[in-house]
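Asks: One structure, as structure tokens, below. Some questions next.
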Amino acid sequence: MDILVFVKRVAATQEEELRLIDDGKNIDLSKIPFKMNDWDNYAVEEAVKIVEGQGGSVTAISIGSAESDEVLRRAIAMGSKDGILMETQEAIHDPALRAQAIYNFLKKEDIKFDAIFTGVQSEDDQFAATGGILAGKMDLPYASMVIGIDAIENGYFVLRRELEGGLQERIKIKAPCILSIQSGINEPRYVSIMGIRKASKVERKTFKFNDFASRGDAIIDLIKWSYPEKKGGATMLTGEMDEICKEILEILKKKGVC
Amino acid sequence: MSYALIISEVRRGVFEERNLDSIGMAHLAGKDAFLLIPEGNYNLNNSIVNKIIKAKLEESLFLNPLIITELISKIIGTLGAPEIVIFTHSSSGIELASYLAGKMSLPIITDVSGYDRNEQIFFKSYYSDKVFGQFKKAKESPLVITVRSGSFKDHVTEKGKNAEEITVDGPSGIEERSFVEYVEEEKTGVDITKAEFLLSLGRGIGNKDEIPKFEELANLMKATISGSRPVIDKQWLPKERQVGTSGKTVKPKVYLAMGISGAFQHIAGMKDSECIIAVNKDPEAPIFQYAHYGIVADANKIRDKLKDLLQG
Ligand SMILES: Cc1cc2nc3c(=O)[nH]c(=O)nc-3n(C[C@H](O)[C@H](O)[C@H](O)COP(=O)(O)OP(=O)(O)OC[C@H]3O[C@@H](n4cnc5c(N)ncnc54)[C@H](O)[C@@H]3O)c2cc1C
Ligand SMILES: Nc1ncnc2c1ncn2[C@@H]1O[C@H](COP(=O)(O)O)[C@@H](O)[C@H]1O
């Protein structure tokens, strides 16, 4: 089975302060570390596991700046055979434009596959939409929130989708199809620095995003960024560690739980 | 006519409460609310929408991207194109909305939690609520959105009369994608929804080796341990301990969150706790907006100090 997996390089902002600049037109990401989108890490692992089991190949594809090569190397170190970069210097905010570019790319370059995997969502934009839009455009069956692949038989995936509150549904879906992979589906393998270094020796192909779509084709516009509206907010406990912890214990006592 | 087409989410006979946010969004945008729902007996107040479109098909076929898309083209064929198509930002809503947008080449904005009616601007979360992007559609076209649960239900108003009902024929099953069965989570001994005091751990605690040290603290405080999704995904804690939309909804007396950022899928599962105390090293962590008490500090240091104090 030949599987294409989409991997995105995202800013790891969890512990960082995000500063809006240029009157909210931009976010300053200059001092922020980047990494592979968490959900894509699970998607690569799932694809590699399938191919290890029944043969075939995994190709990792990323849209982004030249630095996105990092996530391609990581995907190769995990077991992907090829890496493809669709290079664009600026972030593409509209998921429909990303999907359009991918669609045009796959057609024009005549890329063959049995399945396309994406992550459920990007950590940065949280659209959770790229895979579904692509499936709609390509007229392929689609499933998201895939939390378990139970079998691949007679040209069908039998898989479980995660719903809410711990409930799942089992469905059957015909290949070729597009699946968006949910975190927790597997345990992504460890990748060593050595592994990544070795992956650098595998040649990656680079294409220009602009050869497949133009920014002007976006069908939504980002007007600007803003900070979240402050709600009430918490009473902050400050001071020495010792004092803070005594205060916490006071609160617990007052609430009658400790 | 300018109407909003609302795709309701129904599962196992239940009209999900988050549909109210979709209806509220339609009201806030000043559009007639047309609700698409499969035939059946659902508990729904039919004076809060203008039209109910009943699809003649089984519930298990309804929330299928390929089938919904067919239903929606049929509706557009008879009623004309809606101004906006609204889904809930849930497991199925996201899946259906994105597929529909791709199939019909419609603009899409997901996880919408705010709307500026004058400017027709939609607010969507980026980086787990650290910032919001303000979006507009860039072409004249129906817009597809998914709305965040809890964001718009306060805008729902009664229309003073019952909705008109029409029916639309649904396609029969399709072989490209079919429903097999529901799979329930295994029942285990621990039920975090019953605990009065939860010590909840997030990715910020660092690694698995920290867990036993938190267990010691939990023992001393008589707290039950729960966690955010990444902690469960990484198998630091078992699945039954997960708080959030895809885990459990909890309402303990005290929810002590350590190293949890406060993504909405997590918040949705714990925001109604009586008292929320959050420890996070980032002063801008969104969880501080929902907490009653906040501490900007290293969770592991707070843990060790609390242990010291309790052991006296
Ligand atoms: C369909 C879907 C369903 C989901 N369901 C759920 C769900 O049910 N439950 C859930 O929780 N999530 C769920 N998520 C995931 C959710 O979007 C977030 O990714 C997740 O909640 C983040 O978990 P976290 O806060 O532990 O990690 P992060 O967002 O990585 O945050 C870690 C935090 O720890 C802080 N930190 C770092 N080091 C320290 C330290 N030493 N001391 C103190 N603080 C520190 C950081 O500042 C940061 O705020 C779901 C996502 C999707 C797409
Ligand atoms: N720039 C990108 N490069 C590669 N893959 C992407 C990119 N943007 C989105 N994807 C894929 O689409 C998934 C969902 O992204 P999103 O719709 O942005 O939430 C991600 O998990 C990736 O697999």
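So you can find residues: chains in the structure tokens are A, B, ... in the order shown, residues in each start at 1, and ligands are numbered from 1 in order.
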Mind checking DSSP for range 16-240 of chain A and telling me the strand (DSSP E or B) residues as a tab-separated table (two decimals) with N, CA, C and O atoms, in the first residue's frame?

Replies:
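Saved result, selection.tsv, follows:
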```
chain	number	residue	atom	x	y	z
A	19	ARG	N	3.50	37.53	20.59
A	19	ARG	CA	3.37	38.97	20.45
A	19	ARG	C	2.79	39.33	19.09
A	19	ARG	O	3.28	38.88	18.06
A	20	LEU	N	1.71	40.11	19.10
A	20	LEU	CA	1.15	40.59	17.84
A	20	LEU	C	1.90	41.85	17.44
A	20	LEU	O	2.17	42.71	18.28
A	21	ILE	N	2.25	41.94	16.16
A	21	ILE	CA	2.99	43.11	15.68
A	21	ILE	C	2.28	43.70	14.46
A	21	ILE	O	1.31	43.11	13.97
A	26	ASN	N	0.43	40.75	12.02
A	26	ASN	CA	1.34	39.61	12.10
A	26	ASN	C	1.56	39.15	13.54
A	26	ASN	O	1.35	39.91	14.47
A	27	ILE	N	2.02	37.90	13.65
A	27	ILE	CA	2.44	37.38	14.95
A	27	ILE	C	3.95	37.23	14.89
A	27	ILE	O	4.47	36.72	13.90
A	28	ASP	N	4.62	37.68	15.92
A	28	ASP	CA	6.08	37.56	15.95
A	28	ASP	C	6.47	36.16	16.40
A	28	ASP	O	6.35	35.81	17.57
A	34	PHE	N	10.36	25.57	16.58
A	34	PHE	CA	9.42	24.88	15.70
A	34	PHE	C	9.59	23.37	15.82
A	34	PHE	O	10.62	22.88	16.25
A	35	LYS	N	8.57	22.64	15.41
A	35	LYS	CA	8.62	21.18	15.50
A	35	LYS	C	7.59	20.58	14.54
A	35	LYS	O	6.84	21.32	13.89
A	36	MET	N	7.57	19.27	14.46
A	36	MET	CA	6.55	18.62	13.65
A	36	MET	C	5.21	18.68	14.39
A	36	MET	O	5.16	18.44	15.60
A	57	SER	N	4.88	1.88	0.36
A	57	SER	CA	5.79	2.98	0.68
A	57	SER	C	5.03	4.14	1.31
A	57	SER	O	3.83	4.31	1.11
A	58	VAL	N	5.78	4.91	2.08
A	58	VAL	CA	5.22	6.13	2.66
A	58	VAL	C	5.97	7.33	2.06
A	58	VAL	O	7.20	7.32	2.02
A	59	THR	N	5.23	8.32	1.60
A	59	THR	CA	5.84	9.56	1.12
A	59	THR	C	5.32	10.70	1.98
A	59	THR	O	4.11	10.87	2.12
A	60	ALA	N	6.27	11.45	2.55
A	60	ALA	CA	5.88	12.59	3.39
A	60	ALA	C	5.89	13.85	2.54
A	60	ALA	O	6.81	14.07	1.75
A	61	ILE	N	4.85	14.68	2.69
A	61	ILE	CA	4.74	15.91	1.91
A	61	ILE	C	4.47	17.07	2.87
A	61	ILE	O	3.64	16.96	3.77
A	62	SER	N	5.20	18.16	2.67
A	62	SER	CA	4.99	19.32	3.52
A	62	SER	C	4.85	20.58	2.66
A	62	SER	O	5.48	20.70	1.62
A	63	ILE	N	4.01	21.48	3.11
A	63	ILE	CA	3.89	22.80	2.48
A	63	ILE	C	4.46	23.80	3.46
A	63	ILE	O	4.02	23.85	4.62
A	64	GLY	N	5.43	24.57	3.02
A	64	GLY	CA	6.00	25.55	3.93
A	64	GLY	C	7.32	26.09	3.41
A	64	GLY	O	7.71	25.84	2.27
A	82	ASP	N	10.18	8.73	0.87
A	82	ASP	CA	10.47	9.98	0.19
A	82	ASP	C	9.97	11.18	0.97
A	82	ASP	O	9.07	11.05	1.81
A	83	GLY	N	10.51	12.33	0.63
A	83	GLY	CA	10.03	13.58	1.20
A	83	GLY	C	9.83	14.59	0.09
A	83	GLY	O	10.69	14.72	-0.79
A	84	ILE	N	8.72	15.28	0.11
A	84	ILE	CA	8.43	16.28	-0.91
A	84	ILE	C	8.06	17.59	-0.22
A	84	ILE	O	7.23	17.61	0.69
A	85	LEU	N	8.70	18.67	-0.66
A	85	LEU	CA	8.38	19.99	-0.11
A	85	LEU	C	7.69	20.82	-1.18
A	85	LEU	O	8.17	20.93	-2.30
A	86	MET	N	6.55	21.39	-0.84
A	86	MET	CA	5.92	22.39	-1.70
A	86	MET	C	6.24	23.73	-1.07
A	86	MET	O	5.62	24.14	-0.09
A	87	GLU	N	7.24	24.37	-1.63
A	87	GLU	CA	7.84	25.50	-0.94
A	87	GLU	C	7.09	26.82	-1.16
A	87	GLU	O	6.73	27.17	-2.27
A	115	ALA	N	-3.80	5.58	-0.24
A	115	ALA	CA	-4.44	6.33	0.86
A	115	ALA	C	-3.63	7.59	1.13
A	115	ALA	O	-2.41	7.62	0.88
A	116	ILE	N	-4.32	8.62	1.59
A	116	ILE	CA	-3.65	9.83	2.05
A	116	ILE	C	-3.97	9.98	3.53
A	116	ILE	O	-5.12	9.88	3.93
A	117	PHE	N	-2.93	10.20	4.34
A	117	PHE	CA	-3.13	10.45	5.76
A	117	PHE	C	-2.79	11.91	6.06
A	117	PHE	O	-1.79	12.43	5.58
A	118	THR	N	-3.61	12.53	6.89
A	118	THR	CA	-3.23	13.83	7.46
A	118	THR	C	-3.41	13.69	8.97
A	118	THR	O	-3.99	12.72	9.45
A	119	GLY	N	-2.93	14.68	9.71
A	119	GLY	CA	-3.28	14.74	11.13
A	119	GLY	C	-4.70	15.26	11.24
A	119	GLY	O	-5.23	15.83	10.30
A	142	TYR	N	-13.92	9.84	2.93
A	142	TYR	CA	-13.15	10.53	3.96
A	142	TYR	C	-13.59	10.11	5.36
A	142	TYR	O	-14.78	9.90	5.60
A	143	ALA	N	-12.63	10.01	6.26
A	143	ALA	CA	-12.95	9.85	7.68
A	143	ALA	C	-11.93	10.63	8.50
A	143	ALA	O	-10.74	10.64	8.19
A	144	SER	N	-12.41	11.29	9.55
A	144	SER	CA	-11.50	12.00	10.45
A	144	SER	C	-11.59	11.39	11.85
A	144	SER	O	-12.41	10.50	12.08
A	145	MET	N	-10.76	11.88	12.74
A	145	MET	CA	-10.71	11.39	14.13
A	145	MET	C	-10.46	9.88	14.17
A	145	MET	O	-11.03	9.17	14.99
A	146	VAL	N	-9.60	9.40	13.27
A	146	VAL	CA	-9.34	7.96	13.21
A	146	VAL	C	-8.45	7.57	14.39
A	146	VAL	O	-7.33	8.04	14.52
A	147	ILE	N	-8.98	6.72	15.26
A	147	ILE	CA	-8.29	6.39	16.51
A	147	ILE	C	-7.86	4.92	16.55
A	147	ILE	O	-7.22	4.46	17.48
A	148	GLY	N	-8.19	4.18	15.47
A	148	GLY	CA	-7.74	2.78	15.40
A	148	GLY	C	-8.03	2.22	14.03
A	148	GLY	O	-9.13	2.43	13.51
A	149	ILE	N	-7.03	1.57	13.43
A	149	ILE	CA	-7.29	0.86	12.17
A	149	ILE	C	-7.28	-0.63	12.52
A	149	ILE	O	-6.26	-1.19	12.90
A	150	ASP	N	-8.46	-1.25	12.44
A	150	ASP	CA	-8.59	-2.63	12.91
A	150	ASP	C	-8.20	-3.63	11.83
A	150	ASP	O	-7.69	-4.70	12.13
A	151	ALA	N	-8.47	-3.30	10.58
A	151	ALA	CA	-8.14	-4.23	9.49
A	151	ALA	C	-8.09	-3.48	8.18
A	151	ALA	O	-8.72	-2.44	8.02
A	152	ILE	N	-7.30	-4.03	7.25
A	152	ILE	CA	-7.32	-3.54	5.88
A	152	ILE	C	-7.56	-4.78	5.04
A	152	ILE	O	-6.71	-5.68	5.00
A	153	GLU	N	-8.76	-4.89	4.47
A	153	GLU	CA	-9.07	-6.13	3.75
A	153	GLU	C	-9.95	-5.85	2.54
A	153	GLU	O	-10.83	-5.00	2.59
A	156	TYR	N	-10.75	-2.36	1.61
A	156	TYR	CA	-11.43	-1.51	2.60
A	156	TYR	C	-10.60	-1.36	3.86
A	156	TYR	O	-9.93	-2.31	4.28
A	157	PHE	N	-10.69	-0.20	4.48
A	157	PHE	CA	-10.19	-0.03	5.84
A	157	PHE	C	-11.37	-0.25	6.79
A	157	PHE	O	-12.45	0.31	6.57
A	158	VAL	N	-11.16	-1.05	7.82
A	158	VAL	CA	-12.14	-1.12	8.91
A	158	VAL	C	-11.50	-0.34	10.04
A	158	VAL	O	-10.42	-0.70	10.51
A	159	LEU	N	-12.14	0.74	10.45
A	159	LEU	CA	-11.46	1.59	11.43
A	159	LEU	C	-12.43	2.16	12.45
A	159	LEU	O	-13.65	2.09	12.29
A	160	ARG	N	-11.85	2.69	13.51
A	160	ARG	CA	-12.67	3.32	14.55
A	160	ARG	C	-12.44	4.83	14.54
A	160	ARG	O	-11.30	5.29	14.45
A	161	ARG	N	-13.55	5.58	14.61
A	161	ARG	CA	-13.50	7.04	14.73
A	161	ARG	C	-13.84	7.40	16.17
A	161	ARG	O	-14.73	6.83	16.76
A	162	GLU	N	-13.14	8.38	16.68
A	162	GLU	CA	-13.44	8.83	18.03
A	162	GLU	C	-14.56	9.85	17.99
A	162	GLU	O	-14.51	10.81	17.23
A	168	GLN	N	-16.87	5.56	20.52
A	168	GLN	CA	-16.26	5.45	19.19
A	168	GLN	C	-17.27	4.83	18.24
A	168	GLN	O	-18.23	4.21	18.67
A	169	GLU	N	-17.05	5.01	16.95
A	169	GLU	CA	-17.86	4.28	15.98
A	169	GLU	C	-16.94	3.51	15.05
A	169	GLU	O	-15.87	4.00	14.68
A	170	ARG	N	-17.34	2.29	14.71
A	170	ARG	CA	-16.55	1.53	13.74
A	170	ARG	C	-17.20	1.73	12.38
A	170	ARG	O	-18.42	1.68	12.24
A	171	ILE	N	-16.36	2.02	11.39
A	171	ILE	CA	-16.88	2.19	10.03
A	171	ILE	C	-16.01	1.40	9.05
A	171	ILE	O	-14.91	0.96	9.38
A	172	LYS	N	-16.56	1.24	7.84
A	172	LYS	CA	-15.81	0.61	6.74
A	172	LYS	C	-15.67	1.66	5.66
A	172	LYS	O	-16.65	2.32	5.32
A	173	ILE	N	-14.49	1.81	5.14
A	173	ILE	CA	-14.28	2.86	4.15
A	173	ILE	C	-13.40	2.32	3.03
A	173	ILE	O	-12.44	1.58	3.27
A	174	LYS	N	-13.76	2.67	1.81
A	174	LYS	CA	-13.12	2.07	0.64
A	174	LYS	C	-11.86	2.84	0.24
A	174	LYS	O	-11.88	4.07	0.18
A	177	CYS	N	-8.67	6.39	-0.16
A	177	CYS	CA	-9.45	7.30	0.67
A	177	CYS	C	-8.51	8.23	1.42
A	177	CYS	O	-7.29	8.07	1.36
A	178	ILE	N	-9.09	9.19	2.09
A	178	ILE	CA	-8.29	10.11	2.91
A	178	ILE	C	-8.70	9.94	4.37
A	178	ILE	O	-9.89	9.93	4.69
A	179	LEU	N	-7.71	9.75	5.22
A	179	LEU	CA	-7.97	9.56	6.66
A	179	LEU	C	-7.22	10.62	7.46
A	179	LEU	O	-6.03	10.85	7.22
A	180	SER	N	-7.89	11.25	8.39
A	180	SER	CA	-7.21	12.18	9.30
A	180	SER	C	-7.04	11.48	10.65
A	180	SER	O	-8.01	11.03	11.26
A	181	ILE	N	-5.79	11.42	11.07
A	181	ILE	CA	-5.41	10.55	12.19
A	181	ILE	C	-5.43	11.32	13.51
A	181	ILE	O	-4.85	12.42	13.63
A	205	LYS	N	12.53	16.00	-2.71
A	205	LYS	CA	12.19	16.79	-3.91
A	205	LYS	C	11.52	18.10	-3.47
A	205	LYS	O	10.73	18.11	-2.53
A	206	THR	N	11.85	19.17	-4.18
A	206	THR	CA	11.22	20.45	-3.86
A	206	THR	C	10.45	20.98	-5.07
A	206	THR	O	10.95	20.92	-6.20
A	207	PHE	N	9.25	21.42	-4.83
A	207	PHE	CA	8.44	22.06	-5.87
A	207	PHE	C	8.06	23.45	-5.37
A	207	PHE	O	8.07	23.70	-4.16
A	208	LYS	N	7.69	24.31	-6.28
A	208	LYS	CA	7.25	25.65	-5.88
A	208	LYS	C	5.73	25.62	-5.70
A	208	LYS	O	5.00	25.26	-6.61
A	220	ILE	N	-10.92	32.62	1.78
A	220	ILE	CA	-11.18	33.38	3.01
A	220	ILE	C	-9.99	34.31	3.23
A	220	ILE	O	-8.87	34.01	2.79
A	221	ASP	N	-10.26	35.43	3.88
A	221	ASP	CA	-9.21	36.41	4.16
A	221	ASP	C	-8.98	36.53	5.64
A	221	ASP	O	-9.95	36.63	6.41
A	222	LEU	N	-7.72	36.53	6.03
A	222	LEU	CA	-7.38	36.84	7.42
A	222	LEU	C	-7.29	38.37	7.52
A	222	LEU	O	-6.45	38.99	6.87
A	223	ILE	N	-8.18	38.98	8.30
A	223	ILE	CA	-8.19	40.44	8.42
A	223	ILE	C	-7.09	40.88	9.39
A	223	ILE	O	-6.28	41.72	9.09
A	224	LYS	N	-7.11	40.29	10.57
A	224	LYS	CA	-6.04	40.57	11.54
A	224	LYS	C	-6.09	39.57	12.69
A	224	LYS	O	-6.98	38.72	12.76
A	225	TRP	N	-5.13	39.72	13.58
A	225	TRP	CA	-5.07	38.89	14.78
A	225	TRP	C	-5.49	39.71	15.98
A	225	TRP	O	-5.30	40.92	16.01
A	226	SER	N	-6.02	39.04	16.98
A	226	SER	CA	-6.25	39.74	18.24
A	226	SER	C	-6.01	38.80	19.41
A	226	SER	O	-6.04	37.58	19.26
A	235	THR	N	-7.67	34.73	40.55
A	235	THR	CA	-6.92	35.44	41.59
A	235	THR	C	-5.53	34.81	41.63
A	235	THR	O	-5.41	33.61	41.85
A	236	MET	N	-4.51	35.61	41.36
A	236	MET	CA	-3.18	35.02	41.28
A	236	MET	C	-2.54	34.96	42.68
A	236	MET	O	-2.57	35.94	43.42
```

Asks: Would you mind listing what lies within 8 Å of range 129-132 of chain B as number ranges by chain, with only C-alpha atoms counted and same-chain residues fewer than 3 positions away left out?

Replies: A: 18, 225-228; B: 123-126, 263-264, 284-286

Asks: Write a file of the selected residues as a compact mmCIF listing (two decimals), in the first residue's frame, keeping all heavy atoms.

Replies:
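Result saved to again.txt:
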```txt
# COMPACT_ATOMS: atom_id res chain seq x y z
N LEU A 18 3.15 35.04 22.90
CA LEU A 18 2.91 35.38 21.50
C LEU A 18 2.66 36.86 21.39
O LEU A 18 1.74 37.40 21.98
CB LEU A 18 1.69 34.62 20.97
CG LEU A 18 1.92 33.19 20.52
CD1 LEU A 18 0.67 32.63 19.87
CD2 LEU A 18 3.09 33.11 19.56
N TRP A 225 -5.13 39.72 13.58
CA TRP A 225 -5.07 38.89 14.78
C TRP A 225 -5.49 39.71 15.98
O TRP A 225 -5.30 40.92 16.01
CB TRP A 225 -3.63 38.42 15.04
CG TRP A 225 -3.02 37.65 13.92
CD1 TRP A 225 -2.14 38.12 12.99
CD2 TRP A 225 -3.24 36.28 13.61
NE1 TRP A 225 -1.81 37.12 12.11
CE2 TRP A 225 -2.46 35.98 12.48
CE3 TRP A 225 -4.01 35.26 14.17
CZ2 TRP A 225 -2.42 34.72 11.89
CZ3 TRP A 225 -3.98 34.01 13.60
CH2 TRP A 225 -3.19 33.74 12.48
N SER A 226 -6.02 39.04 16.98
CA SER A 226 -6.25 39.74 18.24
C SER A 226 -6.01 38.80 19.41
O SER A 226 -6.04 37.58 19.26
CB SER A 226 -7.67 40.33 18.28
OG SER A 226 -8.61 39.36 17.88
N TYR A 227 -5.79 39.40 20.56
CA TYR A 227 -5.66 38.61 21.78
C TYR A 227 -7.04 38.18 22.24
O TYR A 227 -8.03 38.85 21.93
CB TYR A 227 -4.98 39.43 22.88
CG TYR A 227 -3.53 39.75 22.60
CD1 TYR A 227 -3.13 41.06 22.35
CD2 TYR A 227 -2.58 38.74 22.57
CE1 TYR A 227 -1.80 41.37 22.09
CE2 TYR A 227 -1.24 39.04 22.29
CZ TYR A 227 -0.86 40.35 22.06
OH TYR A 227 0.44 40.64 21.79
N PRO A 228 -7.13 37.09 23.00
CA PRO A 228 -8.44 36.68 23.49
C PRO A 228 -9.01 37.75 24.42
O PRO A 228 -8.26 38.47 25.08
CB PRO A 228 -8.16 35.39 24.25
CG PRO A 228 -6.70 35.36 24.50
CD PRO A 228 -6.06 36.18 23.43
N PHE B 123 -14.41 35.06 14.39
CA PHE B 123 -13.22 34.88 15.22
C PHE B 123 -12.96 33.40 15.40
O PHE B 123 -13.85 32.66 15.78
CB PHE B 123 -13.42 35.51 16.60
CG PHE B 123 -13.44 37.01 16.57
CD1 PHE B 123 -14.47 37.70 15.95
CD2 PHE B 123 -12.42 37.74 17.17
CE1 PHE B 123 -14.50 39.09 15.93
CE2 PHE B 123 -12.42 39.14 17.15
CZ PHE B 123 -13.46 39.81 16.52
N LYS B 124 -11.72 32.98 15.09
CA LYS B 124 -11.37 31.59 15.36
C LYS B 124 -10.06 31.49 16.13
O LYS B 124 -9.16 32.29 15.93
CB LYS B 124 -11.32 30.78 14.06
CG LYS B 124 -9.95 30.62 13.45
CD LYS B 124 -9.91 29.57 12.35
CE LYS B 124 -10.01 28.14 12.84
NZ LYS B 124 -8.91 27.71 13.69
N SER B 125 -9.99 30.48 16.96
CA SER B 125 -8.84 30.28 17.83
C SER B 125 -7.62 29.82 17.05
O SER B 125 -7.72 29.07 16.10
CB SER B 125 -9.22 29.23 18.87
OG SER B 125 -8.07 28.72 19.50
N TYR B 126 -6.45 30.30 17.45
CA TYR B 126 -5.17 29.80 16.97
C TYR B 126 -4.35 29.47 18.21
O TYR B 126 -4.50 30.11 19.24
CB TYR B 126 -4.43 30.88 16.18
CG TYR B 126 -4.65 30.81 14.68
CD1 TYR B 126 -5.91 31.04 14.14
CD2 TYR B 126 -3.61 30.49 13.82
CE1 TYR B 126 -6.11 30.98 12.76
CE2 TYR B 126 -3.80 30.42 12.45
CZ TYR B 126 -5.05 30.67 11.93
OH TYR B 126 -5.26 30.60 10.58
N ALA B 263 -6.73 24.25 26.52
CA ALA B 263 -7.37 24.17 25.20
C ALA B 263 -8.87 23.94 25.42
O ALA B 263 -9.26 23.34 26.41
CB ALA B 263 -6.78 23.01 24.40
N PHE B 264 -9.70 24.39 24.47
CA PHE B 264 -11.14 24.36 24.72
C PHE B 264 -11.65 22.93 24.91
O PHE B 264 -12.56 22.69 25.69
CB PHE B 264 -11.91 25.13 23.64
CG PHE B 264 -12.70 24.29 22.69
CD1 PHE B 264 -14.02 23.94 22.99
CD2 PHE B 264 -12.14 23.84 21.52
CE1 PHE B 264 -14.75 23.16 22.12
CE2 PHE B 264 -12.88 23.05 20.64
CZ PHE B 264 -14.17 22.70 20.95
N GLU B 284 0.52 33.66 30.54
CA GLU B 284 -0.53 33.89 29.55
C GLU B 284 -1.33 32.62 29.24
O GLU B 284 -2.14 32.60 28.32
CB GLU B 284 0.07 34.40 28.23
CG GLU B 284 0.85 35.70 28.34
CD GLU B 284 -0.03 36.85 28.80
OE1 GLU B 284 -1.22 36.86 28.45
OE2 GLU B 284 0.49 37.72 29.53
N ALA B 285 -1.08 31.53 29.96
CA ALA B 285 -1.79 30.28 29.66
C ALA B 285 -3.30 30.52 29.73
O ALA B 285 -3.80 31.08 30.71
CB ALA B 285 -1.36 29.18 30.62
N PRO B 286 -4.03 30.09 28.70
CA PRO B 286 -5.48 30.35 28.68
C PRO B 286 -6.23 29.79 29.89
O PRO B 286 -7.28 30.31 30.26
CB PRO B 286 -5.93 29.64 27.39
CG PRO B 286 -4.73 29.64 26.51
CD PRO B 286 -3.55 29.52 27.43
```

Asks: Considering only C-alpha atoms, return as an NGL selection string whatever protein or nucleic-acid residues lie within 10 Å of Val14 in chain B, sequence-local ones (same chain, fewer than 5 positions apart) excluded.

Replies: :B and (9 or 41-44)

Asks: Within 10 Å of Lys159 in chain B, counting only C-alpha atoms, which residues show up once you throw out same-chain ones fewer than 6 positions away? Write them as a PDB file with all heavy atoms, in the first residue's frame, please.

Replies:
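This is the output file out-v4.pdb:
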```pdb
ATOM      1  N   ASN B  46     -39.268  23.341  18.828  1.00  0.00           N
ATOM      2  CA  ASN B  46     -39.354  23.737  17.416  1.00  0.00           C
ATOM      3  C   ASN B  46     -39.834  25.173  17.196  1.00  0.00           C
ATOM      4  O   ASN B  46     -40.144  25.561  16.087  1.00  0.00           O
ATOM      5  CB  ASN B  46     -40.148  22.729  16.577  1.00  0.00           C
ATOM      6  CG  ASN B  46     -41.533  22.509  17.137  1.00  0.00           C
ATOM      7  OD1 ASN B  46     -41.970  23.248  18.013  1.00  0.00           O
ATOM      8  ND2 ASN B  46     -42.215  21.499  16.629  1.00  0.00           N
ATOM      9  N   SER B  47     -39.813  25.959  18.261  1.00  0.00           N
ATOM     10  CA  SER B  47     -40.112  27.378  18.032  1.00  0.00           C
ATOM     11  C   SER B  47     -38.825  28.213  17.985  1.00  0.00           C
ATOM     12  O   SER B  47     -38.880  29.435  17.904  1.00  0.00           O
ATOM     13  CB  SER B  47     -41.058  27.908  19.107  1.00  0.00           C
ATOM     14  OG  SER B  47     -40.371  27.991  20.330  1.00  0.00           O
ATOM     15  N   ILE B  48     -37.672  27.572  18.033  1.00  0.00           N
ATOM     16  CA  ILE B  48     -36.424  28.358  17.961  1.00  0.00           C
ATOM     17  C   ILE B  48     -35.815  28.335  16.559  1.00  0.00           C
ATOM     18  O   ILE B  48     -34.764  28.912  16.320  1.00  0.00           O
ATOM     19  CB  ILE B  48     -35.365  27.902  18.999  1.00  0.00           C
ATOM     20  CG1 ILE B  48     -35.035  26.424  18.856  1.00  0.00           C
ATOM     21  CG2 ILE B  48     -35.830  28.206  20.414  1.00  0.00           C
ATOM     22  CD1 ILE B  48     -33.911  25.947  19.756  1.00  0.00           C
ATOM     23  N   VAL B  49     -36.460  27.629  15.633  1.00  0.00           N
ATOM     24  CA  VAL B  49     -35.998  27.671  14.236  1.00  0.00           C
ATOM     25  C   VAL B  49     -37.191  28.002  13.343  1.00  0.00           C
ATOM     26  O   VAL B  49     -38.343  27.864  13.754  1.00  0.00           O
ATOM     27  CB  VAL B  49     -35.348  26.330  13.789  1.00  0.00           C
ATOM     28  CG1 VAL B  49     -34.045  26.090  14.527  1.00  0.00           C
ATOM     29  CG2 VAL B  49     -36.296  25.158  13.994  1.00  0.00           C
ATOM     30  N   ASN B  50     -36.919  28.434  12.120  1.00  0.00           N
ATOM     31  CA  ASN B  50     -37.995  28.808  11.201  1.00  0.00           C
ATOM     32  C   ASN B  50     -38.505  27.633  10.381  1.00  0.00           C
ATOM     33  O   ASN B  50     -39.660  27.588  10.015  1.00  0.00           O
ATOM     34  CB  ASN B  50     -37.516  29.899  10.238  1.00  0.00           C
ATOM     35  CG  ASN B  50     -36.990  31.108  10.974  1.00  0.00           C
ATOM     36  OD1 ASN B  50     -35.863  31.083  11.467  1.00  0.00           O
ATOM     37  ND2 ASN B  50     -37.796  32.140  11.092  1.00  0.00           N
TER      38      ASN B  50
END
```

Asks: DSSP on the backbone, then: every residue of range 97-258 of chain A marked alpha helix (DSSP H), written as a ChimeraX atom specification.

Replies: /A:97-108,130-138,193-199,241-254

Asks: Compute the set of chain B residues within 6 Å of chain A, using only C-alpha atoms, and express it as number ranges by chain.

Replies: B: 91, 95, 98-99, 101-103, 107, 110, 126-127, 131-139, 176-185, 221, 233, 245-248, 282, 288-289, 291-295, 306

Asks: Which of these residues is nearest to ligand 2, using only C-alpha atoms and all ligand atoms: B:Thr224, B:Ser128, B:Asn45, B:Asn19?

Replies: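 Result for the nearest residue to ligand 2: B:Ser128.
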